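One structure is given here, and the rest of the page talks about it.
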Amino acid sequence: MAFDANSGKLSCPNCGRQDDIETFPEENILQKFAPEEAKEYHCENCGAVLLTEAETTATHCSFCGAPVVLADRLTGDLAPAKVIPFTITKDEAVAAFRKWTKNGRLTPRGFMSGDRIKKMTGMYVPFWLYDIDGNAEVAAIGTRVRAYQHGDTMITETDFYDIYREIDLSYLKVPADASEKMDDELMDKLEPYDYSDLKDFRMPYLAGYLAEKYDYDDNELYSRVESKIVPYIDSYIGSTISGYSTVSYTNKQINANKHKVYYTLFPVWMVYYDFENKEHTFAMNGQTGKVVGKPPISSGKVAAWFIGIAVSTFAVLKAISYLVGGVLW
Amino acid sequence: MSLFKLKQLFLYLLLSILLLVGGPIAFAEIDQHIYDEAGLLSEQEISDLEAYATEKSQEQGADFLLLTTNSTEGQPIEMYMGDFFDDLADESGQENAVVLTIDMGGREFYVAGFGTAETRLDNERVELVLDRVEPYMVDGEYAGAFRETISTADRYMEYRPGVNPESFFLKTWFHAAVALLLGGGIVGTMLYNSGGRVTTTAATYIDRDHTRVTKDSDRFRNKTVTRSKIPKNNKSGGGFGGGGMTGGGRSFSGGGRGF
């Protein structure tokens with residue numbers, strides 16, 4: 001039995017049986033270990049010893065390929081609160097990735113064929129979602145400038161205003177990836193996820209995928225989230241002060257605290273792509289299909305685009321100046 | 001047969017007479033461009049400049065003339081120049097000309113545009129020509145001044161009337177710079193975004209129900225007023241001009257300066 005991204009149910013690829021995850025008894029798929037038990041897992045299907053990394057919570061048996069969920073790594077403090085299930089199946093992910101490679105305007109021709117996918121791994125990546133409450137107190141001096149001509153004198157009138165704002169702030173479910181392995185920048189670019197699909201966590205969602213547990217807890221990650229939302233807060237403050245020629249802040253105090261955190265698993269397709277003897281890693285949002293990752297760049301294409309744009313711009317400007325001025329050079 | 005030949009010969013003659021008479025009227029060219037009454041130029045300079053002026057005059061269909069004098073006989077320089085050109089135009093039939101007048105007595109020089117040159121070298125363009133000629137005049141390089149007048153006026157007259165020929169929008173360096181910046185900007189953005197774009201914004205995670213301004217005030221504090229005189233865009237060096245009308249009723253564009 002494995003989670004099927006299309007139906008959102010557990011389904012058996014052999015007999016076609018489907019089970020609803022919300023009502024599916026967990027005993028059927030999970031194996032429980034007592035905390036003191038040695039951290040050695042056996043495949044329930046074939047009995048082989050499972051070789052896993054310490055942060056793996058769901059994987060496949062390397063001998064028989066059966067999906068395994070390591071339940072003790074998903075309970076207690078390590079129990080995720082929410083999950084966004086995969087909505088893009090492996091086939092859809094492959095198709096979406098191929099389509100994406102074709103859009104690469106600067107990638108080498110061979111890369112664009114999209115047929116060198118070495119491996120695609122569906123993975124639930126641990127994230128912390130923060131509900132953030134806060135307030136801001138802002139004082140600033142704003143100016144309104146009016147300039148007009150009177151006779152042969154230019155008169156500039158500058159009105160100064162004292163600006164004061166008190167603002168209540170609230171941001172909901174700001175994500176930060178809690179896995180050490182995953183590149184932060186890559187994971188940030190995968191956002192946004194559609195939170196309407198956010199489900200209460202149930203272990204069977206993981207069946208058939210890889211999953212990891214968090215490496216950083218919510219306190220360790222808070223500073224990263226803070227650095228993410230401070231620009232948001234600044235731009236909101238800026239939006240509350242309008243109608244001035246210039247604004248200079250004399251005092252800006254922002255208080256932001258986490259109000260609630262949710263340990264959440266987000267679906268990510270990792271794509272390992274071979275090109276010119278190098279492996280390139282891409283990540284795809286398993287919900288929206290957005291692809292991120294550095295593709296190889298063809299310097300020939302970069303040059304061609306640059307020259308093409310520069311030459312045609314030059315020609316257009318020359319044409320305009322000929323029409324306006326009547327002279328080409 | 002012989003009668004026919006005679007008729008033909010007669011027609012030929014008539015035609016060539018018509019051409020001879022009509023030619024100068026149609027293309028009205030002046031064979032002397034330099035009237036150096038003050039004796040500022042050497043023989044060599046005169047012959048060189050004459051050749052240059054003739055060549056450019058043919059290209060533009062307007063003659064480039066130089067008039068120098070030691071005295072304007074008490075008249076303003078544009079009046080003196082106007083009388084000179086009235087005589088010349090009445091004589092030659094050439095109404096299109098650019099005239100550089102140098103008055104050594106009053107130490108002034110004046111550039112005027114007649115006929116087609118009145119619009120093709122309007123007052124604004126005359127000012128730009130004066131800007132370029134002035135250094136030569138100050139240095140006493142009168143040959144250089146005339147050469148500069150011809151080359152600059154010749155260049156400016158190519159432009160559509162009313163367009164500032166020195167506008168940087170029409171300059172090749174500006175076109176090249178914009179083309180390179182745009183190319184670099186677009187390709188740079190493409191490169192920057194090739195790894196995927198950040199599509200979250202300040203609005204993505206905001207809770208609109210609970211984010212709001214609870215207290216605000218915008219209090220007027222004080223006001224400052226600054227006054228500055230607008231510099232009159234006078235011709236530098238105390239110039240004068242704006243064209244006018246000659247005694248013979250020819251209107252012209254023009255401008256002059258002291259040196």
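FYI, nothing fancy with the structure tokens labels: chains A, B, ... in order, residues from 1 per chain, ligands from 1 as they appear.
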Please return, as a VMD selection string, all residues of chain B lying within 6 Å of chain A when only C-alpha atoms are considered. chain B and resid 159 to 160 163 170 175 179 to 180 183 195 to 196 198 202 205 to 207 210 to 230
Quick one: everything within 12 Å of Arg132 in chain B, counting only C-alpha atoms, minus sequence neighbours fewer than 3 positions away in the same chain. Send it as an mmCIF file with C-alpha atoms, in the first residue's frame.
data_model
loop_
_atom_site.group_PDB
_atom_site.id
_atom_site.type_symbol
_atom_site.label_atom_id
_atom_site.label_comp_id
_atom_site.auth_asym_id
_atom_site.auth_seq_id
_atom_site.Cartn_x
_atom_site.Cartn_y
_atom_site.Cartn_z
ATOM 1 C CA VAL B 111 25.910 83.978 -37.744
ATOM 2 C CA ARG B 125 20.861 76.101 -33.665
ATOM 3 C CA VAL B 126 22.658 79.375 -34.366
ATOM 4 C CA GLU B 127 23.312 79.617 -30.625
ATOM 5 C CA LEU B 128 24.810 76.126 -30.660
ATOM 6 C CA VAL B 129 26.989 77.091 -33.622
ATOM 7 C CA PRO B 135 36.647 79.732 -28.826
ATOM 8 C CA TYR B 136 38.150 80.158 -32.308
ATOM 9 C CA MET B 137 37.129 83.792 -32.355
ATOM 10 C CA VAL B 138 38.624 84.435 -28.948
ATOM 11 C CA GLY B 144 39.136 77.941 -38.000
ATOM 12 C CA ALA B 145 36.036 79.894 -37.016
ATOM 13 C CA PHE B 146 34.672 79.820 -40.545
ATOM 14 C CA ARG B 147 35.561 76.170 -41.014
ATOM 15 C CA GLU B 148 33.782 75.336 -37.762
ATOM 16 C CA THR B 149 30.765 77.390 -38.804
ATOM 17 C CA ILE B 150 30.507 75.486 -42.078
ATOM 18 C CA SER B 151 30.998 72.003 -40.602
ATOM 19 C CA THR B 152 28.659 72.541 -37.646
ATOM 20 C CA ALA B 153 25.941 74.305 -39.624
ATOM 21 C CA GLU B 166 22.847 68.294 -29.820
ATOM 22 C CA SER B 236 26.766 83.205 -22.630
ATOM 23 C CA ARG B 257 28.520 87.545 -29.721
#
Run DSSP on the backbone and give me the residues of range 132-291 of chain A it puts in strand (DSSP E or B), as an MDAnalysis selection string. chainID A and resid 132:150 153:177 199:200 210:212 246:275 278:285 291
Rounded to one decimal, what separation in Å do you get between CA of Pro67 in chain A and CA of Gly208 in chain A?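 One can read the CA of Pro67 in chain A to CA of Gly208 in chain A distance as 4.8 Å.
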